[in-house]
Every structure is written in C-alpha cells, then in structure tokens.
$ cat data_19.txt   # compact mmCIF, C-alpha atoms
# COMPACT_ATOMS: atom_id res chain seq x y z
CA MET A 164 100.62 90.45 60.65
CA ASP A 165 102.84 89.18 63.48
CA GLN A 166 103.53 92.67 64.89
CA LEU A 167 101.64 94.46 67.65
CA ALA A 168 99.86 97.79 67.01
CA ARG A 169 101.30 101.07 68.36
CA ARG A 170 98.38 102.70 70.19
CA LEU A 171 99.71 104.11 73.48
CA GLY A 172 100.94 107.66 74.17
CA VAL A 173 102.79 109.04 77.22
CA ARG A 174 99.66 109.37 79.34
CA ASP A 175 98.49 105.83 78.56
CA ALA A 176 101.96 104.41 79.26
CA VAL A 177 102.14 106.24 82.61
CA VAL A 178 98.71 104.89 83.54
CA VAL A 179 99.77 101.32 82.72
CA GLY A 180 102.82 101.81 84.97
CA LEU A 181 100.71 103.25 87.79
CA GLY A 182 98.24 100.41 87.48
CA SER A 183 101.10 97.93 87.81
CA MET A 184 102.61 99.55 90.91
CA LEU A 185 99.86 101.16 92.96
CA GLY A 186 98.36 98.70 95.38
CA ALA A 187 101.00 96.03 95.78
CA GLY A 188 103.17 97.97 98.23
CA VAL A 189 100.37 99.62 100.15
CA PHE A 190 98.04 96.68 100.54
CA VAL A 191 100.43 93.71 100.61
CA VAL A 192 104.05 94.51 101.43
CA PHE A 193 104.02 97.17 104.16
CA ALA A 194 103.25 94.68 106.93
CA PRO A 195 106.12 92.19 106.35
CA ALA A 196 108.48 95.10 105.63
CA ALA A 197 107.61 96.68 109.00
CA ALA A 198 108.15 93.31 110.68
CA ALA A 199 111.66 93.17 109.21
CA ALA A 200 112.75 96.77 109.77
CA GLY A 201 110.47 98.60 112.23
CA GLY A 202 109.04 102.09 111.72
CA ALA A 203 112.07 104.18 110.81
CA GLY A 204 113.54 101.16 109.05
CA LEU A 205 110.43 100.90 106.87
CA LEU A 206 110.83 104.49 105.71
CA ALA A 207 114.56 104.03 105.08
CA ALA A 208 113.87 100.81 103.17
CA LEU A 209 111.20 102.55 101.09
CA VAL A 210 113.63 105.30 100.09
CA LEU A 211 116.34 102.72 99.30
CA ALA A 212 113.98 100.59 97.21
CA GLY A 213 112.75 103.71 95.43
CA PHE A 214 116.29 104.84 94.63
CA ILE A 215 117.29 101.45 93.24
CA ALA A 216 114.07 101.41 91.24
CA PHE A 217 115.00 104.84 89.86
CA CYS A 218 118.41 103.52 88.80
CA ASN A 219 116.71 100.56 87.15
CA ALA A 220 114.11 102.81 85.54
CA THR A 221 116.82 104.98 84.01
CA SER A 222 118.57 101.94 82.56
CA SER A 223 115.26 100.45 81.38
CA ALA A 224 114.24 103.68 79.64
CA ARG A 225 117.58 104.00 77.82
CA LEU A 226 117.45 100.40 76.67
CA ALA A 227 113.78 100.54 75.67
CA ALA A 228 114.42 103.63 73.55
CA ARG A 229 117.27 101.81 71.79
CA HIS A 230 115.34 98.52 71.41
CA PRO A 231 111.62 99.44 71.11
CA GLU A 232 110.01 96.01 70.98
CA SER A 233 108.13 93.73 73.34
CA GLY A 234 110.13 91.70 75.81
CA GLY A 235 111.94 94.21 78.07
CA THR A 236 115.25 92.96 79.50
CA TYR A 237 114.86 89.65 77.72
CA VAL A 238 115.50 91.57 74.50
CA TYR A 239 118.08 93.95 76.01
CA GLY A 240 120.08 91.10 77.53
CA ARG A 241 120.16 89.20 74.25
CA GLU A 242 121.17 92.23 72.22
CA ARG A 243 123.73 93.70 74.64
CA LEU A 244 125.11 90.76 76.67
CA GLY A 245 124.36 87.62 74.68
CA PRO A 246 121.58 85.02 74.30
CA PHE A 247 122.02 83.35 77.70
CA ALA A 248 121.82 86.62 79.65
CA GLY A 249 118.65 87.49 77.77
CA PHE A 250 117.17 84.08 78.42
CA LEU A 251 117.96 84.24 82.14
CA ALA A 252 116.32 87.66 82.40
CA GLY A 253 113.25 86.56 80.50
CA TRP A 254 112.94 83.32 82.44
CA GLY A 255 113.26 85.12 85.76
CA PHE A 256 110.71 87.70 84.72
CA VAL A 257 108.12 85.24 83.44
CA VAL A 258 108.43 82.89 86.42
CA GLY A 259 108.68 85.61 89.07
CA LYS A 260 105.89 87.73 87.68
CA THR A 261 103.65 84.73 87.20
CA ALA A 262 104.07 84.17 90.95
CA SER A 263 103.25 87.86 91.48
CA CYS A 264 100.05 87.45 89.48
CA ALA A 265 99.04 84.57 91.73
CA ALA A 266 99.81 86.64 94.84
CA MET A 267 97.68 89.51 93.55
CA ALA A 268 94.80 87.19 92.67
CA LEU A 269 94.91 85.60 96.14
CA THR A 270 94.90 89.08 97.70
CA ILE A 271 91.73 89.92 95.78
CA GLY A 272 90.14 86.77 97.13
CA ALA A 273 91.22 87.52 100.69
CA TYR A 274 89.61 90.96 100.61
CA LEU A 275 86.42 90.06 98.79
CA TRP A 276 85.54 86.67 100.28
CA PRO A 277 88.08 85.28 102.77
CA GLY A 278 86.25 81.98 103.08
CA GLN A 279 86.53 81.31 99.34
CA ALA A 280 89.69 83.23 98.51
CA ARG A 281 91.02 80.74 95.97
CA LEU A 282 87.73 80.52 94.08
CA VAL A 283 87.51 84.31 93.86
CA ALA A 284 91.15 84.46 92.77
CA VAL A 285 90.52 82.06 89.90
CA ALA A 286 87.52 84.13 88.79
CA ALA A 287 89.64 87.31 88.93
CA VAL A 288 92.32 85.76 86.72
CA ALA A 289 89.69 84.70 84.19
CA ALA A 290 88.07 88.15 84.12
CA VAL A 291 91.35 90.05 83.77
CA THR A 292 92.57 87.70 81.03
CA ALA A 293 89.34 88.31 79.11
CA VAL A 294 89.96 92.08 79.24
CA ASN A 295 93.57 91.73 78.07
CA LEU A 296 92.56 89.49 75.18
CA ARG A 297 90.40 92.32 73.82
CA GLY A 298 93.52 94.38 73.10
CA ILE A 299 95.97 96.77 74.75
CA GLY A 300 93.63 99.70 74.18
CA LYS A 301 91.04 97.98 76.39
CA THR A 302 93.74 97.28 78.97
CA ALA A 303 94.81 100.94 79.15
CA ALA A 304 91.22 102.18 79.30
CA ALA A 305 90.31 99.80 82.12
CA THR A 306 93.52 100.67 83.98
CA LYS A 307 92.68 104.41 83.86
CA ILE A 308 89.45 103.74 85.74
CA LEU A 309 91.16 101.52 88.29
CA VAL A 310 93.98 104.01 88.94
CA GLY A 311 91.50 106.87 89.48
CA VAL A 312 89.52 104.87 92.04
CA VAL A 313 92.66 103.72 93.87
CA LEU A 314 94.14 107.22 94.14
CA ALA A 315 90.86 108.48 95.60
CA VAL A 316 90.80 105.72 98.25
CA LEU A 317 94.47 106.22 99.16
CA ALA A 318 93.86 109.97 99.52
CA LEU A 319 90.96 109.20 101.84
CA VAL A 320 93.17 107.00 104.02
CA ALA A 321 95.98 109.58 104.15
CA VAL A 322 93.69 112.49 105.05
CA THR A 323 91.64 110.47 107.56
CA GLY A 324 94.76 109.11 109.27
CA ALA A 325 96.52 112.50 109.37
CA VAL A 326 93.50 114.41 110.69
CA GLY A 327 91.89 111.94 113.08
CA GLY A 328 94.41 109.15 113.57
CA ASP A 329 96.58 110.64 116.32
CA VAL A 330 99.77 110.49 114.23
CA SER A 331 102.77 110.18 116.56
CA LEU A 332 106.17 110.94 115.09
CA ASP A 333 107.74 109.02 117.99
CA ARG A 334 106.50 105.83 116.34
CA LEU A 335 108.75 106.57 113.37
CA GLY A 336 111.90 106.20 115.46
CA ASP A 337 112.05 102.40 115.75
CA LEU A 338 114.78 100.94 113.49
CA GLY A 339 113.67 97.37 114.19
CA GLY A 340 116.04 94.81 112.66
CA GLY A 341 118.95 97.20 112.08
CA GLY A 342 120.83 97.48 108.80
CA ARG A 343 120.10 93.90 107.73
CA GLY A 344 116.42 94.46 108.47
CA VAL A 345 116.39 97.57 106.27
CA LEU A 346 117.94 95.60 103.39
CA THR A 347 115.42 92.77 103.81
CA ALA A 348 112.53 95.23 103.92
CA ALA A 349 113.86 97.09 100.87
CA GLY A 350 114.04 93.82 98.95
CA LEU A 351 110.41 93.08 99.82
CA LEU A 352 109.29 96.64 99.06
CA PHE A 353 110.97 96.47 95.66
CA PHE A 354 108.07 94.19 94.75
CA ALA A 355 105.92 97.34 94.89
CA PHE A 356 108.01 99.34 92.42
CA ALA A 357 108.63 96.81 89.67
CA GLY A 358 105.52 97.83 87.72
CA TYR A 359 107.34 100.46 85.69
CA ALA A 360 108.78 97.59 83.66
CA ARG A 361 105.33 97.12 82.15
CA ILE A 362 106.00 100.28 80.17
CA ALA A 363 109.19 98.81 78.71
CA THR A 364 107.59 95.43 77.95
CA LEU A 365 104.93 97.31 75.97
CA GLY A 366 107.65 98.93 73.85
CA GLU A 367 106.18 97.56 70.61
CA GLU A 368 102.80 99.17 71.35
CA VAL A 369 103.68 102.78 72.28
CA ARG A 370 103.85 105.60 69.76
CA ALA A 371 107.29 107.18 69.26
CA PRO A 372 108.92 104.86 71.83
CA GLU A 373 112.24 106.71 71.79
CA ARG A 374 110.44 109.72 73.34
CA THR A 375 107.45 108.13 75.09
CA ILE A 376 109.24 105.52 77.21
CA PRO A 377 111.95 107.79 78.74
CA ARG A 378 109.20 110.25 79.74
CA ALA A 379 106.67 107.75 81.03
CA VAL A 380 108.95 105.63 83.22
CA PRO A 381 110.23 108.33 85.64
CA LEU A 382 106.82 110.02 85.76
CA ALA A 383 105.08 106.82 86.85
CA LEU A 384 107.82 105.96 89.35
CA GLY A 385 107.88 109.44 90.87
CA VAL A 386 104.13 109.52 91.46
CA VAL A 387 104.15 106.11 93.11
CA LEU A 388 107.14 106.87 95.37
CA ALA A 389 105.46 110.06 96.61
CA VAL A 390 102.22 108.21 97.34
CA TYR A 391 104.03 105.39 99.16
CA LEU A 392 106.05 107.77 101.34
CA VAL A 393 102.97 109.70 102.45
CA LEU A 394 101.04 106.55 103.26
CA ALA A 395 104.01 104.96 105.04
CA VAL A 396 104.41 107.98 107.34
CA VAL A 397 100.68 108.08 108.12
CA THR A 398 100.38 104.31 108.61
CA VAL A 399 103.40 103.95 110.89
CA GLY A 400 102.53 107.17 112.71
CA VAL A 401 99.00 105.95 113.50
CA LEU A 402 99.53 102.22 114.09
CA GLY A 403 103.16 101.92 115.14
CA ALA A 404 105.55 99.33 113.74
CA ASP A 405 104.40 96.41 115.89
CA ARG A 406 100.71 96.79 115.11
CA LEU A 407 101.45 97.39 111.44
CA ALA A 408 103.61 94.26 111.25
CA GLY A 409 100.75 92.12 112.54
CA SER A 410 98.00 93.72 110.46
CA ALA A 411 96.30 91.89 107.61
CA ALA A 412 94.67 95.11 106.35
CA PRO A 413 96.78 98.05 107.58
CA LEU A 414 95.03 100.83 105.70
CA ALA A 415 91.64 99.69 106.92
CA ASP A 416 93.10 99.66 110.44
CA VAL A 417 94.27 103.27 109.98
CA VAL A 418 90.72 104.36 109.18
CA THR A 419 89.38 102.40 112.15
CA ALA A 420 92.00 103.93 114.47
CA ALA A 421 90.92 107.36 113.25
CA GLY A 422 87.44 106.70 114.63
CA LEU A 423 85.73 105.90 111.32
CA PRO A 424 85.35 102.11 111.27
CA ASP A 425 82.37 102.36 108.93
CA LEU A 426 84.74 103.44 106.17
CA ALA A 427 86.80 100.27 106.45
CA TRP A 428 84.62 98.58 103.85
CA LEU A 429 85.46 101.37 101.40
CA VAL A 430 89.17 100.81 101.97
CA ARG A 431 88.74 97.08 101.42
CA ALA A 432 86.89 97.80 98.18
CA GLY A 433 89.70 100.14 97.15
CA ALA A 434 92.24 97.43 97.90
CA THR A 435 90.36 95.04 95.66
CA VAL A 436 90.29 97.60 92.84
CA ALA A 437 94.00 98.40 93.30
CA VAL A 438 95.14 94.81 93.20
CA THR A 439 92.89 94.13 90.20
CA GLY A 440 94.69 96.94 88.38
CA VAL A 441 98.06 95.39 89.27
CA LEU A 442 96.90 92.00 88.05
CA LEU A 443 95.59 93.49 84.80
CA SER A 444 98.92 95.06 83.90
CA LEU A 445 101.04 92.19 85.22
CA LEU A 446 99.33 89.62 83.04
CA ALA A 447 99.73 91.87 80.00
CA GLY A 448 103.47 92.31 80.64
CA VAL A 449 104.19 88.64 81.30
CA GLY A 450 102.30 87.62 78.18
CA ARG A 451 104.38 89.95 76.01
CA THR A 452 107.67 88.74 77.45
CA ALA A 453 106.55 85.16 76.79
CA LEU A 454 105.72 86.24 73.22
CA ALA A 455 109.23 87.64 72.73
CA MET A 456 110.83 84.46 74.13
CA ALA A 457 108.62 82.22 71.99
CA ARG A 458 109.61 84.16 68.86
CA ARG A 459 113.19 83.02 69.50
CA ARG A 460 112.19 79.50 70.60
CA ASP A 461 113.35 80.09 74.18
CA LEU A 462 109.75 79.10 74.99
CA PRO A 463 107.57 76.83 72.80
CA GLY A 464 107.08 78.44 69.38
CA ALA A 465 103.30 77.97 69.53
CA LEU A 466 103.15 80.86 72.03
CA ALA A 467 104.45 83.33 69.41
CA ALA A 468 101.04 83.83 67.76
CA VAL A 469 99.42 87.30 67.60
CA HIS A 470 95.61 87.49 67.32
CA PRO A 471 94.65 88.68 63.79
CA VAL A 472 91.89 91.01 65.06
CA HIS A 473 92.85 92.24 68.54
CA ARG A 474 96.62 92.21 67.88
CA VAL A 475 97.51 90.63 71.23
CA PRO A 476 99.66 87.55 72.04
CA HIS A 477 96.57 85.51 72.87
CA ARG A 478 98.19 82.08 73.21
CA ALA A 479 100.91 83.40 75.50
CA GLU A 480 98.37 85.21 77.68
CA LEU A 481 96.16 82.13 77.95
CA ALA A 482 99.15 79.95 78.85
CA VAL A 483 100.29 82.41 81.55
CA ALA A 484 96.75 82.61 82.95
CA ALA A 485 96.60 78.80 83.18
CA VAL A 486 99.85 78.68 85.18
CA VAL A 487 98.64 81.48 87.46
CA VAL A 488 95.45 79.54 88.18
CA ALA A 489 97.51 76.47 89.10
CA ILE A 490 99.63 78.51 91.54
CA VAL A 491 96.50 80.12 93.00
CA LEU A 492 95.10 76.70 93.80
CA LEU A 493 98.32 75.50 95.44
CA GLY A 494 100.38 78.52 96.59
CA ASP A 495 100.74 81.09 99.40
CA VAL A 496 100.75 84.90 99.13
CA ARG A 497 103.82 85.78 101.23
CA ASP A 498 106.00 83.04 99.76
CA ALA A 499 105.06 84.23 96.27
CA ILE A 500 106.10 87.80 97.13
CA GLY A 501 109.57 86.81 98.38
CA PHE A 502 110.16 84.47 95.45
CA SER A 503 109.04 87.12 92.97
CA SER A 504 111.25 89.78 94.55
CA PHE A 505 114.35 87.61 94.18
CA THR A 506 113.83 86.72 90.52
CA VAL A 507 112.85 90.27 89.57
CA LEU A 508 115.91 91.74 91.29
CA VAL A 509 118.08 89.37 89.22
CA TYR A 510 116.16 90.55 86.14
CA TYR A 511 117.01 94.19 86.89
CA ALA A 512 120.62 93.36 87.67
CA ILE A 513 120.84 92.14 84.08
CA THR A 514 119.05 95.33 82.94
CA ASN A 515 121.74 97.50 84.52
CA ALA A 516 124.53 95.32 83.19
CA ALA A 517 123.07 95.67 79.69
CA ALA A 518 122.76 99.46 80.10
CA LEU A 519 126.47 99.69 80.89
CA THR A 520 127.19 98.62 77.30
CA LEU A 521 125.33 101.60 75.81
CA GLY A 522 128.03 104.19 76.45
CA ARG A 523 127.21 107.83 77.10
CA ASP A 524 123.97 109.52 76.03
CA ARG A 525 124.30 112.92 74.40
CA GLY A 526 122.25 115.64 76.04
CA ARG A 527 121.57 113.72 79.26
CA ARG A 528 122.41 115.48 82.50
CA LEU A 529 122.01 112.40 84.68
CA PRO A 530 125.15 110.30 85.34
CA VAL A 531 123.54 107.34 83.64
CA ARG A 532 126.53 105.00 83.83
CA ALA A 533 126.95 105.63 87.56
CA LEU A 534 123.23 104.97 88.07
CA ALA A 535 123.55 101.69 86.18
CA VAL A 536 126.47 100.61 88.41
CA LEU A 537 124.52 101.55 91.56
CA GLY A 538 121.44 99.77 90.26
CA LEU A 539 123.39 96.59 89.49
CA ALA A 540 125.06 96.52 92.92
CA GLY A 541 121.83 97.45 94.70
CA CYS A 542 119.79 94.70 93.03
CA LEU A 543 122.31 92.04 93.97
CA LEU A 544 122.60 93.35 97.55
CA LEU A 545 118.82 93.34 98.10
CA ALA A 546 118.42 89.92 96.48
CA VAL A 547 120.88 88.15 98.79
CA ASN A 548 119.34 89.82 101.87
CA LEU A 549 115.84 88.50 101.25
CA PRO A 550 114.55 85.67 103.48
CA LEU A 551 116.62 82.53 102.96
CA SER A 552 113.66 80.51 101.66
CA SER A 553 113.08 83.11 98.92
CA VAL A 554 116.76 83.10 97.93
CA LEU A 555 116.91 79.30 97.76
CA ALA A 556 113.65 78.93 95.83
CA GLY A 557 114.51 81.70 93.39
CA GLY A 558 118.02 80.36 92.82
CA ALA A 559 116.70 76.86 92.21
CA VAL A 560 114.19 78.04 89.60
CA LEU A 561 116.82 80.11 87.80
CA ALA A 562 119.10 77.04 87.78
CA LEU A 563 116.30 74.92 86.28
CA GLY A 564 115.86 77.56 83.60
CA ALA A 565 119.58 77.41 82.81
CA LEU A 566 119.33 73.63 82.44
CA TRP A 567 116.38 74.00 80.05
CA TYR A 568 118.37 76.56 78.05
CA ALA A 569 121.25 74.12 77.68
CA ALA A 570 119.01 71.20 76.70
CA ARG A 571 116.32 72.93 74.60
CA PRO A 572 116.00 72.28 70.86
CA ARG A 573 118.13 74.76 68.94
CA ARG A 574 116.46 77.06 66.43
CA VAL A 575 117.66 76.33 62.94
$ encode --input "data_19.txt" --output "structure tokens"
Amino acid sequence: MDQLARRLGVRDAVVVGLGSMLGAGVFVVFAPAAAAAGGAGLLAALVLAGFIAFCNATSSARLAARHPESGGTYVYGRERLGPFAGFLAGWGFVVGKTASCAAMALTIGAYLWPGQARLVAVAAVAAVTAVNLRGIGKTAAATKILVGVVLAVLALVAVTGAVGGDVSLDRLGDLGGGGRGVLTAAGLLFFAFAGYARIATLGEEVRAPERTIPRAVPLALGVVLAVYLVLAVVTVGVLGADRLAGSAAPLADVVTAAGLPDLAWLVRAGATVAVTGVLLSLLAGVGRTALAMARRRDLPGALAAVHPVHRVPHRAELAVAAVVVAIVLLGDVRDAIGFSSFTVLVYYAITNAAALTLGRDRGRRLPVRALAVLGLAGCLLLAVNLPLSSVLAGGAVLALGALWYAARPRRV
C-alpha cells in the first residue's frame, strides 16, 4: 500500500507537462529576458533554451523509461551516478521548484489583487494543494481545463497582436546585451521549459511508462516551444524590446496596443488561469520528489507516507505547501525565478550525465549520446551566465544541502 496508482495515459501526461510549462515564460519571464538580450536576442535565447530543453527531455525520457518510478533525476542520479549525485539533484529540484511555486503564487496575487498579492498567493497555494491531495486523477482533470483556457487566451493575444498591433519586423533586429545577454536570457527562459520534468516525476503513475513517457515528453515540449516562438515574435514586434523589458503585463499591453484595451482584463484572467495550472503541476512534482527522497531517508522519513485512499504523498505535499507559504510571505518573484533557474539547470546537468551511462538505444535515430553531451554543457553554460546574485544564492543552497548529506543520520 506504499505505491502510487498508475492512472495516466499519453494524453494525460502531455497535459500535465503543458500545464507545468504554459504560462511561466509568457507571463513572467519574457520581460527580464528582453531586458537582458533585446528583441533579436530574446528570440535567439528562446531557441537556445528550447534546444537545451530538448536535449534534457531526450535524456529524461530515456532515463524515465529505464527507471519508471517517482523522483525523476533524484532516482536516475542515484542509480546511474551514485547516492550523492542523486541527492544533489533531488535537493536542487525540491528547493528550486519550491521557490518556483512561490513565484507562481505571487504572480497570481499580482494579477488578481495587486494590493493584497501575498494574501491571494497564500489562498492559491491552499486551494491547489487541496486539489492535489484528492489524487493525481483530479490533478490531470483540472489541468486539462486550465490548459484549454490558457491556449484560447494566448491565441487571442497572438491573433489580435498580428492583425491590429502594427507588428514591425524592424523591432526584432535589436541584439541588446550581445552574446552574454543571450546566454543570460536563455538561462532565465529555461525556467519556462522545465515543466516537462513533471512527466518524469510522475513515472510511477503513468500506464506503460516505457512507451508513455518517451512519447509525452517531446510532444509537450514541441507544443510549448511553438507557442512561445509565435508569442515572442508578436510581442516584440508590437511592443519593441525596450517597452517589453519594462512591462509588468506584456501580453495585456499587446492587446491594448492593438486598440482593444477592453480585452486586457481577459488577458489578465488568462494569466491567472495559466499560472494556476503551473502551480498545480509544480506542487505535484515537488511533492513526489520529496516522497522519493524521504523513502531513502535523504529527507525525514515521515514524509514517505502515501494516503491510503487517494494514493498521493499527502505529508510531503503538505510540507512543501507550508514552505511555499513561508516564501510567499517573505520572498520576491524575480529573485525566485533566477534562483530556481540555477538549481534546475544543475538538476538537468546531472540528468544528462546520468543519461551518458545508458549506452546506445536500439532503434533510435536520434544521436542520443551527443544530445546528452550538448545538454550537459548547455546547462552548465547557462547556469554560470545567470545574474550573479542567482548564482551565489543557488550555489550556497546546494552547498548547504551537501553539508546536510554528509551529516544526516545514515539509514540502517
């Protein structure tokens, strides 16, 4: 009775991945990425981040098919590289994604009620946790609704901006901060692609994981990359890099610039729905990684419990939600994004390193080992080119985790 139920097929797994990714890049990260890299630099950074995410997705899918259980790279690192590598990946994921959850919750508050953003954020965390505690089937069903609404709103923005927004291709020519700016922007934009890992962390709850996960991961990533590229071209083409960099709600500004300011409220509502979907899937993924770590006593063993009725890691999810609420009450959105990007890039560097130990896959046309090498190098390159404060904070937290690993009680 300590195992999770396998209830998700390919479509459900893709939807969970879409719910994790759609929203973060469009509604949160485009502005600071444009500030770092300019218009053309933003597009180049988006392609670079998408390519590195594809490399990581390929490695994640191969590993998840070989090790179909909850925990993602925490499990892969332990099995392929040793206990410490697995711990470092799991620690980075749990800490970084907990910060991401707080950033998403604060974004919900900023859109719904700016004057009481933290209060709304706390309420959002409580509501999403309640849904997740009802079981992964409820999570997938709720995410389907959220993804449908978000895609409709994003389509509205793209069509409105393209038709009435005076799109100027000249605005796409500004490279901004040069090569370093592109790398910084790509590191920030990677925050928007990391949701495909939710599919791997749900490996113990998908049917036929050896087939479902390798299909679902690239499908979800491909859809999101296409959506992001279209919206990036429209947004930069309408607003220009400078205006985009200073915008708190860029997609709402696109609609306003197109002469339809009355639709801005609809875009804001769509943003709220999108970020809620991200938060829903993020909390589910972090809780399951915490479950896997607690099973091996890398986190307190009390978190390893699975609910006897709903078959979810209820103690782990409640503990994660409590930490998210604490960060919401004390933290800042942009700092959380940079910190999360650093720790998650380290997480995927370990993913690619673990994938290099798998050898060749029969029947695969992709050069999977070359993709793993490129993914490993790309993750490290983007991580060290993030803002210095993010690098220092992320490195310090990973070092604290290493100290805990060395001093923690050993499992007998």
$ residues_around --input "data_19.txt" --residues "region 387-394 of chain A" --least-positions-apart "2" --cutoff "8 Å" --atoms "all atoms listed in the file" --output "ChimeraX atom specification"
/A:181,184-185,188-189,206,209,213,317,320-321,356,383-385,396-398
$ closest_residue --input "data_19.txt" --among "A:Ala437, A:Ala516, A:Leu454, A:Val283" --to "Leu481 (chain A)" --atoms "all atoms listed in the file"
A:Leu454
$ closest_atom_pairs --input "data_19.txt" --of "region 248-292 of chain A" --to "region 564-573 of chain A" --cutoff "9 Å" --atoms "all atoms listed in the file" --output "JSON lines"
{"residue": "A:Phe250", "atom": "CA", "partner": "A:Tyr568", "partner_atom": "CA", "distance": 7.6}
{"residue": "A:Leu251", "atom": "CA", "partner": "A:Ala565", "partner_atom": "CA", "distance": 7.1}
{"residue": "A:Trp254", "atom": "CA", "partner": "A:Gly564", "partner_atom": "CA", "distance": 6.6}
{"residue": "A:Gly255", "atom": "CA", "partner": "A:Gly564", "partner_atom": "CA", "distance": 8.3}
$ residues_around --input "data_19.txt" --residues "Ser504 (chain A)" --least-positions-apart "6" --cutoff "7 Å" --atoms "all atoms listed in the file" --output "PDB file with C-alpha atoms, in the coordinates of the input"
ATOM      1  CA  GLY A 350     114.040  93.820  98.950  1.00  0.00           C
ATOM      2  CA  LEU A 351     110.410  93.080  99.820  1.00  0.00           C
ATOM      3  CA  PHE A 353     110.970  96.470  95.660  1.00  0.00           C
ATOM      4  CA  PHE A 354     108.070  94.190  94.750  1.00  0.00           C
TER       5      PHE A 354
END
$ closest_residue --input "data_19.txt" --among "A:Ala290, A:Leu346, A:Val487, A:Leu335" --to "Gly403 (chain A)" --atoms "all atoms listed in the file"
A:Leu335
$ closest_atom_pairs --input "data_19.txt" --of "region 271-388 of chain A" --to "region 466-473 of chain A" --cutoff "8 Å" --atoms "only C-alpha atoms" --output "JSON lines"
{"residue": "A:Leu296", "atom": "CA", "partner": "A:His473", "partner_atom": "CA", "distance": 7.2}
{"residue": "A:Arg297", "atom": "CA", "partner": "A:His473", "partner_atom": "CA", "distance": 5.8}
{"residue": "A:Gly298", "atom": "CA", "partner": "A:His473", "partner_atom": "CA", "distance": 5.1}
$ write_last_selection --input "data_19.txt" --atoms "C-alpha atoms" --output "PDB file, in the coordinates of the input"
ATOM      1  CA  LEU A 296      92.560  89.490  75.180  1.00  0.00           C
ATOM      2  CA  ARG A 297      90.400  92.320  73.820  1.00  0.00           C
ATOM      3  CA  GLY A 298      93.520  94.380  73.100  1.00  0.00           C
TER       4      GLY A 298
END
$ atom_distance --input "data_19.txt" --atom1 "CA of Pro372 (chain A)" --atom2 "CA of Arg229 (chain A)"
8.9 Å
